[in-house]
Each structure stands twice: as structure tokens, then as C-alpha cells.
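Data block for coords_37.cif (mmCIF, C-alpha atoms and all ligand atoms):
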data_data
#
loop_
_atom_site.label_atom_id
_atom_site.label_comp_id
_atom_site.auth_asym_id
_atom_site.auth_seq_id
_atom_site.Cartn_x
_atom_site.Cartn_y
_atom_site.Cartn_z
CA MET A 16 -41.94 23.06 31.66
CA SER A 17 -38.28 23.08 30.66
CA LEU A 18 -35.94 20.17 30.07
CA LEU A 19 -32.20 20.00 29.46
CA ILE A 20 -30.50 16.96 27.92
CA LYS A 21 -26.74 17.03 28.44
CA ASN A 22 -23.67 14.94 27.59
CA ILE A 23 -25.35 13.72 24.39
CA LYS A 24 -22.80 11.52 22.62
CA LYS A 25 -24.14 12.71 19.24
CA LEU A 26 -27.03 15.05 18.46
CA VAL A 27 -28.22 13.87 15.06
CA GLN A 28 -29.89 15.72 12.16
CA THR A 29 -29.32 19.25 13.44
CA GLU A 30 -30.36 22.21 11.35
CA THR A 31 -28.54 25.47 11.98
CA ALA A 32 -28.16 27.21 8.62
CA THR A 33 -31.09 28.01 6.34
CA ALA A 34 -33.73 25.33 6.46
CA VAL A 35 -33.98 22.97 3.50
CA LYS A 36 -37.34 21.47 2.54
CA TRP A 37 -35.86 18.02 1.81
CA ARG A 38 -32.56 16.29 1.04
CA ALA A 39 -32.14 15.09 -2.54
CA GLY A 40 -29.53 13.39 -4.71
CA LYS A 41 -25.97 13.49 -3.34
CA ASP A 42 -27.16 15.72 -0.51
CA MET A 43 -29.00 12.73 0.98
CA GLN A 44 -25.58 11.76 2.36
CA THR A 45 -25.50 14.98 4.39
CA LEU A 46 -26.40 14.41 8.03
CA PRO A 47 -25.38 17.33 10.26
CA CYS A 48 -24.54 16.21 13.82
CA ILE A 49 -22.98 17.70 16.95
CA ASP A 50 -20.72 15.49 19.08
CA ASN A 51 -20.84 15.82 22.86
CA ALA A 52 -23.88 18.08 22.83
CA TRP A 53 -26.68 19.56 24.90
CA LEU A 54 -30.28 20.31 23.93
CA TYR A 55 -32.67 22.60 25.77
CA ILE A 56 -36.46 22.27 25.51
CA GLU A 57 -38.91 24.97 26.61
CA LYS A 58 -42.56 23.94 26.75
CA ASP A 59 -43.11 21.89 23.59
CA LYS A 60 -40.34 23.44 21.49
CA ILE A 61 -36.62 22.98 20.93
CA ALA A 62 -35.26 26.23 22.42
CA ASP A 63 -31.55 25.76 21.75
CA PHE A 64 -28.71 23.24 21.43
CA GLY A 65 -24.95 23.19 21.06
CA SER A 66 -21.67 21.59 21.97
CA MET A 67 -21.04 20.80 25.70
CA THR A 68 -18.29 23.46 25.68
CA THR A 69 -21.13 26.01 25.44
CA LEU A 70 -23.48 24.44 28.03
CA PRO A 71 -25.50 27.24 29.66
CA ALA A 72 -26.02 27.27 33.45
CA LEU A 73 -29.67 26.25 33.77
CA ASP A 74 -31.47 25.18 36.92
CA VAL A 75 -34.04 22.91 35.25
CA GLN A 76 -34.93 19.21 35.04
CA THR A 77 -31.92 17.56 33.40
CA ILE A 78 -31.35 14.21 31.67
CA ASP A 79 -27.75 12.97 31.47
CA ALA A 80 -27.48 11.18 28.09
CA ASN A 81 -23.92 9.98 28.55
CA GLY A 82 -23.08 7.39 25.84
CA LYS A 83 -26.46 7.90 24.17
CA MET A 84 -27.53 9.73 21.03
CA VAL A 85 -30.48 12.00 20.31
CA PHE A 86 -32.41 11.77 17.02
CA PRO A 87 -35.45 13.65 15.76
CA SER A 88 -38.44 11.29 15.91
CA PHE A 89 -39.21 9.36 12.78
CA CYS A 90 -42.01 10.79 10.64
CA ASP A 91 -44.04 7.96 9.12
CA SER A 92 -45.75 9.51 6.12
CA HIS A 93 -47.77 6.49 4.93
CA THR A 94 -49.85 4.21 7.15
CA HIS A 95 -53.25 2.54 7.29
CA LEU A 96 -53.10 1.88 11.04
CA VAL A 97 -56.81 2.22 11.76
CA TYR A 98 -58.12 -1.26 11.00
CA ALA A 99 -60.38 -3.83 12.58
CA LYS A 100 -58.59 -7.16 12.23
CA SER A 101 -55.26 -8.71 11.36
CA ARG A 102 -55.13 -10.79 8.14
CA GLU A 103 -52.75 -13.65 8.85
CA LEU A 104 -55.03 -16.12 7.01
CA GLU A 105 -54.21 -14.31 3.75
CA PHE A 106 -50.57 -14.35 4.78
CA VAL A 107 -50.73 -18.15 4.83
CA ASP A 108 -52.67 -18.17 1.51
CA LYS A 109 -49.76 -16.24 0.02
CA LEU A 110 -47.31 -18.77 1.44
CA ARG A 111 -49.36 -21.44 -0.32
CA GLY A 112 -48.82 -19.64 -3.62
CA LEU A 113 -51.63 -17.11 -4.17
CA THR A 114 -50.61 -13.61 -5.24
CA TYR A 115 -51.85 -10.38 -3.60
CA GLU A 116 -53.83 -9.61 -6.77
CA GLU A 117 -55.50 -13.06 -6.77
CA ILE A 118 -56.53 -12.65 -3.14
CA ALA A 119 -57.91 -9.18 -3.90
CA LYS A 120 -59.89 -10.48 -6.92
CA ARG A 121 -61.77 -13.05 -4.88
CA GLY A 122 -62.85 -10.44 -2.31
CA GLY A 123 -59.98 -10.76 0.12
CA GLY A 124 -57.45 -8.07 0.80
CA ILE A 125 -58.80 -4.56 1.16
CA LEU A 126 -62.43 -5.76 0.87
CA ASN A 127 -61.84 -8.21 3.70
CA SER A 128 -60.69 -5.32 5.91
CA ALA A 129 -63.62 -3.20 4.72
CA GLU A 130 -66.09 -5.82 5.91
CA ALA A 131 -64.40 -6.06 9.30
CA THR A 132 -64.39 -2.26 9.58
CA SER A 133 -68.11 -2.04 8.85
CA LEU A 134 -68.74 -4.49 11.71
CA SER A 135 -66.55 -2.57 14.19
CA SER A 136 -67.64 0.32 16.36
CA GLU A 137 -65.86 3.65 16.35
CA ASP A 138 -64.74 2.92 19.91
CA GLU A 139 -63.18 -0.43 18.98
CA LEU A 140 -61.33 1.08 16.03
CA PHE A 141 -60.14 3.95 18.22
CA GLU A 142 -58.85 1.76 21.06
CA THR A 143 -56.92 -0.65 18.82
CA ALA A 144 -55.40 2.17 16.78
CA LEU A 145 -54.41 4.07 19.92
CA GLN A 146 -52.55 0.96 21.13
CA ARG A 147 -50.71 0.76 17.78
CA LEU A 148 -49.78 4.43 18.06
CA ASN A 149 -48.42 3.81 21.53
CA ASP A 150 -46.36 0.87 20.27
CA ILE A 151 -44.79 2.80 17.37
CA MET A 152 -44.16 5.79 19.62
CA HIS A 153 -41.88 3.62 21.76
CA LEU A 154 -40.07 2.54 18.59
CA GLY A 155 -39.23 6.17 17.81
CA THR A 156 -42.08 7.46 15.64
CA GLY A 157 -43.29 10.96 16.52
CA ALA A 158 -45.54 11.82 13.59
CA VAL A 159 -47.74 9.64 11.46
CA GLU A 160 -50.07 9.96 8.49
CA ILE A 161 -53.13 7.68 8.71
CA LYS A 162 -55.41 6.81 5.80
CA SER A 163 -59.04 5.82 5.67
CA GLY A 164 -59.82 3.36 2.86
CA TYR A 165 -61.04 0.33 4.79
CA GLY A 166 -64.54 1.82 4.79
CA LEU A 167 -65.49 2.02 1.10
CA THR A 168 -68.99 3.18 2.00
CA THR A 169 -69.78 6.78 2.91
CA GLU A 170 -70.71 5.77 6.44
CA SER A 171 -67.62 3.63 7.08
CA GLU A 172 -65.19 6.09 5.48
CA LEU A 173 -66.55 8.86 7.71
CA LYS A 174 -66.31 6.50 10.69
CA MET A 175 -62.63 5.84 10.01
CA LEU A 176 -61.87 9.53 9.57
CA ARG A 177 -63.69 10.40 12.80
CA VAL A 178 -61.54 7.77 14.55
CA ILE A 179 -58.44 9.50 13.14
CA ARG A 180 -59.76 12.85 14.40
CA ARG A 181 -60.16 11.34 17.89
CA LEU A 182 -56.63 9.94 17.68
CA LYS A 183 -55.37 13.45 16.83
CA GLU A 184 -57.05 14.72 20.00
CA HIS A 185 -55.84 11.93 22.30
CA SER A 186 -52.40 10.89 21.11
CA PRO A 187 -49.18 12.84 21.71
CA LEU A 188 -48.07 11.96 18.16
CA THR A 189 -48.58 14.50 15.39
CA ILE A 190 -51.19 12.97 13.08
CA LYS A 191 -52.31 13.80 9.54
CA ALA A 192 -55.50 12.30 8.07
CA ASN A 193 -55.74 11.04 4.51
CA PHE A 194 -59.07 10.26 2.80
CA LEU A 195 -58.58 7.10 0.72
CA GLY A 196 -62.12 6.25 -0.41
CA ALA A 197 -60.52 5.11 -3.69
CA HIS A 198 -58.61 2.25 -2.08
CA GLY A 199 -60.66 -0.59 -3.57
CA VAL A 200 -63.87 -1.14 -5.50
CA PRO A 201 -66.63 -2.72 -3.38
CA MET A 202 -68.06 -5.99 -4.79
CA GLN A 203 -71.44 -4.45 -5.59
CA TYR A 204 -69.75 -1.93 -7.91
CA ARG A 205 -67.82 -4.52 -9.91
CA GLY A 206 -68.59 -4.01 -13.58
CA HIS A 207 -69.77 -0.44 -13.03
CA GLN A 208 -66.82 1.05 -11.18
CA LYS A 209 -67.75 4.52 -12.51
CA ASP A 210 -70.68 4.61 -10.11
CA TYR A 211 -68.34 4.11 -7.17
CA VAL A 212 -66.05 6.88 -8.42
CA ASP A 213 -69.13 9.11 -8.73
CA LEU A 214 -70.09 8.26 -5.14
CA ILE A 215 -66.62 9.28 -3.94
CA ILE A 216 -66.80 12.54 -5.88
CA ASN A 217 -70.40 13.54 -5.31
CA GLU A 218 -71.06 12.27 -1.81
CA MET A 219 -67.95 11.29 0.13
CA ILE A 220 -65.61 14.20 -0.65
CA PRO A 221 -68.16 16.95 0.13
CA LEU A 222 -69.03 15.29 3.47
CA VAL A 223 -65.38 14.69 4.41
CA ALA A 224 -64.64 18.34 3.63
CA ALA A 225 -67.75 19.63 5.45
CA GLU A 226 -66.56 17.99 8.68
CA GLY A 227 -62.94 18.99 8.05
CA LEU A 228 -61.92 15.35 8.50
CA ALA A 229 -58.97 15.06 6.11
CA ASP A 230 -55.74 16.83 5.24
CA PHE A 231 -55.00 14.72 2.16
CA ILE A 232 -56.80 12.77 -0.56
CA ASP A 233 -55.36 9.54 -1.93
CA VAL A 234 -56.14 7.09 -4.76
CA PHE A 235 -54.82 3.57 -5.33
CA CYS A 236 -53.88 4.26 -8.96
CA ASP A 237 -52.78 0.85 -10.16
CA LYS A 238 -53.59 -2.14 -12.34
CA GLY A 239 -56.79 -3.75 -11.08
CA PHE A 240 -57.72 -0.77 -8.91
CA PHE A 241 -58.25 2.80 -10.23
CA SER A 242 -57.22 4.09 -13.67
CA CYS A 243 -55.36 7.33 -14.36
CA GLU A 244 -58.57 8.91 -15.69
CA GLU A 245 -60.48 7.96 -12.54
CA THR A 246 -57.60 9.19 -10.41
CA GLU A 247 -57.63 12.55 -12.21
CA ARG A 248 -61.38 12.93 -11.65
CA ILE A 249 -61.08 12.13 -7.95
CA LEU A 250 -58.08 14.38 -7.38
CA THR A 251 -59.72 17.27 -9.23
CA ALA A 252 -62.76 16.97 -6.95
CA GLY A 253 -60.62 16.67 -3.81
CA ILE A 254 -58.49 19.68 -4.71
CA LYS A 255 -61.66 21.73 -5.21
CA TYR A 256 -62.48 20.97 -1.56
CA GLY A 257 -59.02 21.92 -0.35
CA LEU A 258 -57.58 18.40 0.00
CA CYS A 259 -53.95 17.95 -1.01
CA PRO A 260 -53.18 14.85 -3.12
CA LYS A 261 -50.95 11.90 -2.22
CA ILE A 262 -51.03 8.81 -4.44
CA HIS A 263 -50.51 5.04 -4.26
CA ALA A 264 -48.77 4.45 -7.58
CA ASN A 265 -46.87 1.78 -9.48
CA GLU A 266 -47.05 -1.05 -6.94
CA MET A 267 -48.43 -3.67 -9.38
CA ALA A 268 -47.61 -2.08 -12.72
CA VAL A 269 -46.24 1.02 -14.43
CA SER A 270 -49.64 2.63 -13.97
CA GLY A 271 -49.10 6.23 -15.03
CA GLY A 272 -49.82 7.17 -11.42
CA VAL A 273 -46.47 8.90 -10.96
CA GLN A 274 -47.18 11.25 -13.88
CA VAL A 275 -50.72 11.92 -12.62
CA GLY A 276 -49.31 12.71 -9.16
CA VAL A 277 -46.80 15.18 -10.58
CA LYS A 278 -49.48 16.78 -12.80
CA TYR A 279 -51.69 17.44 -9.75
CA SER A 280 -48.77 18.54 -7.51
CA ALA A 281 -49.21 15.58 -5.17
CA VAL A 282 -47.10 16.02 -2.05
CA SER A 283 -45.94 12.43 -2.54
CA VAL A 284 -46.29 9.41 -4.82
CA ASP A 285 -45.91 6.20 -2.86
CA HIS A 286 -44.87 2.55 -3.48
CA LEU A 287 -42.98 2.88 -6.81
CA GLU A 288 -41.93 -0.76 -7.11
CA GLN A 289 -42.47 -0.43 -10.89
CA MET A 290 -40.46 2.54 -12.11
CA GLY A 291 -39.04 3.26 -15.54
CA GLN A 292 -36.88 6.11 -16.76
CA ALA A 293 -40.03 8.07 -17.76
CA GLU A 294 -41.22 8.04 -14.14
CA ILE A 295 -37.86 9.29 -12.87
CA GLU A 296 -37.88 12.04 -15.52
CA ALA A 297 -41.43 13.04 -14.57
CA LEU A 298 -40.41 13.52 -10.94
CA LYS A 299 -37.37 15.68 -11.75
CA GLY A 300 -38.01 19.34 -10.98
CA SER A 301 -41.37 18.58 -9.36
CA ASP A 302 -42.49 19.24 -5.77
CA THR A 303 -43.61 15.63 -5.35
CA MET A 304 -41.75 13.37 -2.92
CA PRO A 305 -41.10 9.83 -4.23
CA THR A 306 -41.87 7.58 -1.28
CA VAL A 307 -40.80 3.97 -1.02
CA LEU A 308 -42.42 1.44 1.35
CA PRO A 309 -39.79 -1.21 2.14
CA GLY A 310 -42.03 -3.16 4.56
CA CYS A 311 -44.64 -3.82 1.85
CA ALA A 312 -42.06 -4.91 -0.74
CA PHE A 313 -40.51 -7.20 1.89
CA PHE A 314 -43.81 -8.72 2.98
CA LEU A 315 -45.09 -9.30 -0.57
CA ASN A 316 -41.69 -10.15 -2.08
CA LEU A 317 -42.15 -7.39 -4.64
CA PRO A 318 -39.35 -6.13 -6.86
CA LEU A 319 -37.42 -3.34 -5.16
CA SER A 320 -37.85 0.29 -6.19
CA PRO A 321 -34.79 1.56 -8.07
CA VAL A 322 -33.89 3.86 -5.21
CA ARG A 323 -30.19 4.22 -6.09
CA GLU A 324 -31.13 5.25 -9.64
CA MET A 325 -33.62 7.77 -8.29
CA ILE A 326 -31.03 9.32 -5.99
CA ALA A 327 -28.42 9.29 -8.76
CA ALA A 328 -30.91 11.26 -10.88
CA GLY A 329 -30.92 13.93 -8.17
CA LEU A 330 -34.30 13.04 -6.66
CA PRO A 331 -35.13 13.00 -2.96
CA VAL A 332 -36.46 9.70 -1.57
CA ALA A 333 -38.64 9.19 1.51
CA MET A 334 -39.28 5.86 3.20
CA ALA A 335 -42.35 5.05 5.27
CA SER A 336 -43.80 1.94 6.91
CA ASP A 337 -47.15 1.48 5.08
CA TYR A 338 -48.31 -0.07 8.39
CA ASN A 339 -51.46 -2.03 7.42
CA PRO A 340 -52.94 -5.51 8.05
CA GLY A 341 -52.59 -6.76 4.46
CA THR A 342 -49.21 -5.85 3.08
CA ALA A 343 -47.08 -4.44 5.92
CA PRO A 344 -48.20 -5.49 9.41
CA SER A 345 -45.44 -3.52 11.16
CA GLY A 346 -45.01 0.17 11.88
CA ASN A 347 -41.45 -0.22 13.12
CA MET A 348 -39.47 2.61 11.49
CA GLN A 349 -36.19 1.28 12.92
CA LEU A 350 -36.75 -1.78 10.77
CA ILE A 351 -37.43 0.49 7.77
CA LEU A 352 -34.08 2.13 8.47
CA SER A 353 -32.38 -1.28 8.34
CA MET A 354 -34.23 -2.36 5.19
CA ALA A 355 -33.32 0.95 3.52
CA CYS A 356 -29.66 0.07 3.96
CA ILE A 357 -29.68 -3.70 3.61
CA ARG A 358 -32.15 -4.07 0.73
CA TYR A 359 -31.95 -0.72 -1.09
CA LYS A 360 -28.24 -0.03 -0.43
CA LEU A 361 -28.77 3.35 1.16
CA LEU A 362 -26.00 4.64 3.41
CA PRO A 363 -27.09 5.15 7.04
CA GLU A 364 -27.13 8.94 6.53
CA GLU A 365 -29.38 8.58 3.47
CA ALA A 366 -31.71 6.22 5.33
CA ILE A 367 -32.03 8.67 8.24
CA ASN A 368 -32.84 11.52 5.85
CA ALA A 369 -35.37 9.28 4.08
CA THR A 370 -37.24 8.61 7.35
CA THR A 371 -37.06 12.04 9.01
CA ILE A 372 -36.74 15.24 6.96
CA ASN A 373 -38.02 13.70 3.70
CA THR A 374 -41.02 11.94 5.25
CA ALA A 375 -41.79 15.18 7.13
CA TYR A 376 -42.04 16.86 3.71
CA ALA A 377 -44.21 13.99 2.41
CA MET A 378 -46.80 14.73 5.11
CA ASP A 379 -46.41 18.51 4.99
CA ILE A 380 -45.04 18.97 8.50
CA HIS A 381 -41.45 19.89 7.60
CA ASP A 382 -41.92 23.41 8.99
CA HIS A 383 -42.11 22.08 12.53
CA LEU A 384 -40.81 18.48 12.54
CA GLY A 385 -38.23 16.20 10.91
CA THR A 386 -34.99 17.82 12.14
CA ILE A 387 -33.47 19.17 15.35
CA ALA A 388 -33.91 22.91 14.83
CA LYS A 389 -34.58 25.88 17.10
CA GLY A 390 -38.31 26.58 17.29
CA LYS A 391 -39.32 23.17 15.96
CA THR A 392 -41.58 20.89 18.02
CA ALA A 393 -39.54 18.87 20.53
CA ASN A 394 -40.29 15.38 19.15
CA LEU A 395 -37.17 13.29 19.57
CA PHE A 396 -35.76 10.15 21.11
CA ILE A 397 -32.75 9.30 23.23
CA THR A 398 -31.13 6.01 22.23
CA LYS A 399 -29.75 3.30 24.48
CA PRO A 400 -25.95 3.55 24.69
CA ILE A 401 -24.85 2.87 21.08
CA PRO A 402 -21.40 3.00 19.48
CA SER A 403 -22.25 4.94 16.31
CA VAL A 404 -25.02 6.28 14.05
CA ASP A 405 -24.34 3.33 11.73
CA PHE A 406 -25.37 0.98 14.56
CA MET A 407 -28.99 2.13 14.15
CA PRO A 408 -29.63 0.37 10.80
CA TYR A 409 -26.96 -2.28 11.47
CA ALA A 410 -28.56 -3.81 14.58
CA PHE A 411 -31.76 -4.79 12.74
CA GLY A 412 -34.69 -6.05 14.77
CA GLU A 413 -33.39 -4.53 18.01
CA ASN A 414 -35.07 -1.60 19.70
CA LYS A 415 -32.36 1.02 20.13
CA VAL A 416 -34.76 3.66 21.49
CA GLU A 417 -34.66 4.21 25.24
CA THR A 418 -36.51 7.46 25.99
CA VAL A 419 -39.16 9.15 23.88
CA ILE A 420 -39.91 12.88 24.16
CA LEU A 421 -42.94 14.26 22.32
CA ASN A 422 -44.08 17.88 22.50
CA GLY A 423 -41.31 18.40 25.07
CA LYS A 424 -42.64 15.73 27.45
CA VAL A 425 -41.02 12.41 28.34
CA GLN A 426 -43.48 9.66 27.38
CA ALA A 427 -44.14 6.80 29.79
O1 LIG B 1 -50.36 0.42 0.68
N1 LIG B 1 -51.55 -0.76 -1.90
C1 LIG B 1 -52.63 -0.46 -1.40
N2 LIG B 1 -52.94 -0.39 -0.13
C2 LIG B 1 -52.20 -0.95 0.93
C3 LIG B 1 -52.58 -2.36 1.17
C4 LIG B 1 -53.84 -2.48 1.83
C5 LIG B 1 -54.27 -3.86 2.18
O2 LIG B 1 -53.95 -4.87 1.54
O3 LIG B 1 -55.00 -3.90 3.15
C6 LIG B 1 -50.73 -0.74 0.69
O4 LIG B 1 -49.95 -1.68 0.51
FE FE B 2 -50.58 2.05 1.47
#
I need this file expressed as C-alpha cells, please.
Amino acid sequence: MSLLIKNIKKLVQTETATAVKWRAGKDMQTLPCIDNAWLYIEKDKIADFGSMTTLPALDVQTIDANGKMVFPSFCDSHTHLVYAKSRELEFVDKLRGLTYEEIAKRGGGILNSAEATSLSSEDELFETALQRLNDIMHLGTGAVEIKSGYGLTTESELKMLRVIRRLKEHSPLTIKANFLGAHGVPMQYRGHQKDYVDLIINEMIPLVAAEGLADFIDVFCDKGFFSCEETERILTAGIKYGLCPKIHANEMAVSGGVQVGVKYSAVSVDHLEQMGQAEIEALKGSDTMPTVLPGCAFFLNLPLSPVREMIAAGLPVAMASDYNPGTAPSGNMQLILSMACIRYKLLPEEAINATTINTAYAMDIHDHLGTIAKGKTANLFITKPIPSVDFMPYAFGENKVETVILNGKVQA
């Protein structure tokens, strides 16, 4: 099937010269666009694009995008969107004054979700997650990373990862699976956490790898969760089985997680609410993408990551949703775009780079997604009529996406 989109008011995030792996530092302000453009899709790929003055004569299905813009789909490189139940009771507990750490200590938080997951069938988890994928697709997301980590037993972790495998088979979104057995310590391992780490290393990782269930391995390396030493042990084991590291680091404290991530060539280190100069220095010259999760910081009223300092130091920054029931119950990447600008003072161009090309890198799909480039997968959206690119983050809370195209097909 072929599809032509013509009269595009602005074709955003085009890549014509040599491909770059990410945008960093000052270059985060670079956002190549073509005004009054066309885009041609053949099968599931972007075949060509250009200015309307060069429109080829093509007798194919055509969409007239007059007044509308075309963006590459958002890549959401950090989510926990397979889960059994929402957690609004804890939300109210927080309003009454409890902290996230206090709730976690008394068995709430991640352990609460783990219990609900153990009681849910694979089918239930699959159906609810598929609905969430459908919802975020219509908000402009075309690729998503999904973590396990609400299992915390071998059986439940495998169940979550099998659900993610089914989602990969059934959803038009591009999906990457991340094994996060080290998300929390189950109650019965309190006081002898080492035994749980051993279980992850000796039992879970080999089984996850044997079934080919995960692309990445993750650890919640933070105060009250897993130490740097434990993180190193888990990552070493995961790498041996071909899993590429991504890390939850520095949400609660300056945990050393950033340095561990860099040491093990993690594709990304995520959260980063607590960052000092040493963390910024550690990231310089590395291949690790610093990833900020504005929805989580907003929901928990956490201090904001020093994103401007990171960019001023020449680093790239990615921004993802962290969609999960405990700390970020929204996968709306348009809202992340707005928060990037309003709360972290990114310019609209920087925010778009942070949620497309840079998140594509952070989930290792930048070869085929994240920009509008010839030969890349045709995952993109057509906006409603909008006056400017700046309108996207400006009109917060509004859905500016009108038509979603994934793998070259218009999605109902
Ligand atoms: O990324 N920080 C750790 N994990 C999740 C929260 C999970 C939960 O509370 O359910 C996060 O914020
Ligand atoms: Fe997370």
C-alpha cells in the first residue's frame, strides 16, 4: 500500500544529511523542518518527502493536510504500563502527608502492584495494557518501552514479560521489553535482600533469556531499593545473557546509579532528580542517554532535574512518561512536551528532540524511528490545524493529534 500526504503546513524533524544518533547540548535547539511539504509512504516505510514545489505525480491514496503539521511519532522510552490496578488510594495518602518512601516501607507502592499482578491472569494484564497502548497511540506515541517489575517472583516476572511479548505481536506500536526484577524487594526478603538478588541472578535472568523475553535489564538503584554493588552484580549477570542495561537512578538520592550506568554502558539512566556536578561529569563522553521523567516529578512533587545545566554541559537529554500506577499515571507524551518547556525551561525544539530522536536512542530504535527520514518506519502523526510548532507544548492538556499513521497505515 502507498500513501501520499500533501500540503503539509510543516513537516517536522526531517533528516536529510548524515544521520545523527542523538541531539546534544546546543544542538538540541536544532529542529529541521520543511514548510509546505509532501511525504510519500510505501508499505511501512517513509519513501520520500520534499517541498510542494517538487510534488511528484502519483496516483495513490492521498491525504490533504492543509493547515496541519506532520511529526514523527513520540518514542516513549520508559514506561511500566503493564499493571493490574490503579493506586489512587496511595495518591490520597500522599495528599494527607505521607511520602512515597513511607508508603513503600509499609508495603504499599511497588509491592502493592506486585500483589495485584500476582492475582491477575495473563489475559487480564494483556487486555488492560492493550487498551493503554491504544490510548497513548491516539495521543501521538508510536514506540514504547515497557518494563516488568510488578512481578517480583520468577513466575510473575515471566508472566509480565510474556504479556509484553503478546503486546509486541498484537499492537501496531513498536515495543521494547525491559526486565526489571530488581524494582523492589519483596516483604519475605526484607533483612536478607541478598537472597532476592541471588534469585534474580541465578533463576530469573537465565529463564528470561532462555525465552528471549527481554531486550533490556533494569535496576532501581536508589536509597531504600538496590545498592550500587547489587546493581553491578545484576547488570553483570544480565549482560552475560545479552541484555542491555538501562537504570532507574537518583530519584530519591544521589545513589551512584549514574556512575554505575555509565560504567556498564547503559543505554540510558533514568529519573535523575538528584544530580550533582559529578553525575554530569560522569555522563560526558559516554554513550548513555540521561533521561528525565517529568510526569513522575510532577506527580510526586520531586525536585526538578537540572536539565538546563545538563544541556549547557553538552549532554543530550531525553524525556519519557514513566507511565505507571504509582508515580506517573499518564502516558500522554504531549503533556511531557508541555512540562519539558513549562517546568524545565526547554525550548519547544529541545522538547521535541527530547521526546523523539533522543528517546529513540534511549530504547535503541534510532536506526528506524525518531525522525522523518527516507527508509525509516512510517510512524508519524498529522496534527489538527495548528498555528505553529510552539503551539504543541503551549496548548497544554489539549490533544493536538488528529491522525495517527503507524507502519504506514492510518490507525482507527
Ligand atoms: O519509575 N522509581 C521506580 N519505579 C517507578 C515507580 C513504580 C511504582 O511506584 O509503582 C518509577 O517511578
Ligand atoms: Fe520507572
- [ ] Grab me every residue within 10 Å of ligand LIG 1 (chain B), counting all atoms listed in the file, and send it over as a PyMOL selection string.
- [x] chain A and resi 93-96+98+101-102+105+115-116+118-119+123-129+162+164-165+195+197-199+234-237+240+262-267+285-286+308+310-312+314-315+336-344
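When all atoms listed in the file are used to measure the gap to ligand FE 2 (chain B), the shortest distance among A:Leu287, A:Val107, A:Val332, A:Ile367 belongs to A:Leu287.
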- [ ] Excluding stretch 200-212 of chain A and residues on its chain fewer than 2 positions from it, collect all residues at most 10 Å away from it, counting all atoms listed in the file, and give them as JSON, numbers by chain.
- [x] {"A": [120, 121, 122, 125, 126, 129, 130, 166, 167, 168, 196, 197, 198, 214, 215, 216, 217, 218, 219, 239, 240, 241, 245, 246, 248, 249]}
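Atom to atom, atom CA of A:Met304 and atom CA of A:Ala333 stand 6.8 Å apart.
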Give me the residues of stretch 75-108 of chain A that have any atom at most 12 Å from an atom of stretch 42-65 of chain A; for each, the nearest atom pair and the distance in Å, rounded to one decimal. Use only C-alpha atoms, sort by chain and number, and format it as a tab-separated table.
residue	atom	partner	partner_atom	distance
A:Val75	CA	A:Tyr55	CA	9.6
A:Gln76	CA	A:Ile56	CA	10.1
A:Thr77	CA	A:Tyr55	CA	9.2
A:Ile78	CA	A:Trp53	CA	9.8
A:Asp79	CA	A:Trp53	CA	9.4
A:Ala80	CA	A:Trp53	CA	9.0
A:Asn81	CA	A:Asn51	CA	8.7
A:Gly82	CA	A:Asn51	CA	9.2
A:Lys83	CA	A:Asn51	CA	9.8
A:Met84	CA	A:Asp50	CA	9.1
A:Val85	CA	A:Leu54	CA	9.1
A:Phe86	CA	A:Cys48	CA	9.6
A:Pro87	CA	A:Ile61	CA	10.7
Restricting the output to C-alpha atoms, write the selected residues as a short mmCIF file (atom, residue, chain, number, x, y, z; two decimals), keeping the file's coordinate frame.
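The resulting again22.cif:
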data_model
loop_
_atom_site.label_atom_id
_atom_site.label_comp_id
_atom_site.auth_asym_id
_atom_site.auth_seq_id
_atom_site.Cartn_x
_atom_site.Cartn_y
_atom_site.Cartn_z
CA VAL A 75 -34.04 22.91 35.25
CA GLN A 76 -34.93 19.21 35.04
CA THR A 77 -31.92 17.56 33.40
CA ILE A 78 -31.35 14.21 31.67
CA ASP A 79 -27.75 12.97 31.47
CA ALA A 80 -27.48 11.18 28.09
CA ASN A 81 -23.92 9.98 28.55
CA GLY A 82 -23.08 7.39 25.84
CA LYS A 83 -26.46 7.90 24.17
CA MET A 84 -27.53 9.73 21.03
CA VAL A 85 -30.48 12.00 20.31
CA PHE A 86 -32.41 11.77 17.02
CA PRO A 87 -35.45 13.65 15.76
#
- [ ] Can you work out which one of A:Asp138, A:Glu244, A:Asp302, A:Glu296 has the shortest atom-to-atom distance to A:Arg177, counting all atoms listed in the file?
- [x]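 Of A:Asp138, A:Glu244, A:Asp302, A:Glu296, the one nearest A:Arg177, counting all atoms listed in the file, is A:Asp138.
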Task: Local residues around (-40.1, 7.0, -13.2), at most 12 Å away, using only C-alpha atoms, as a count of residues only - done: 37
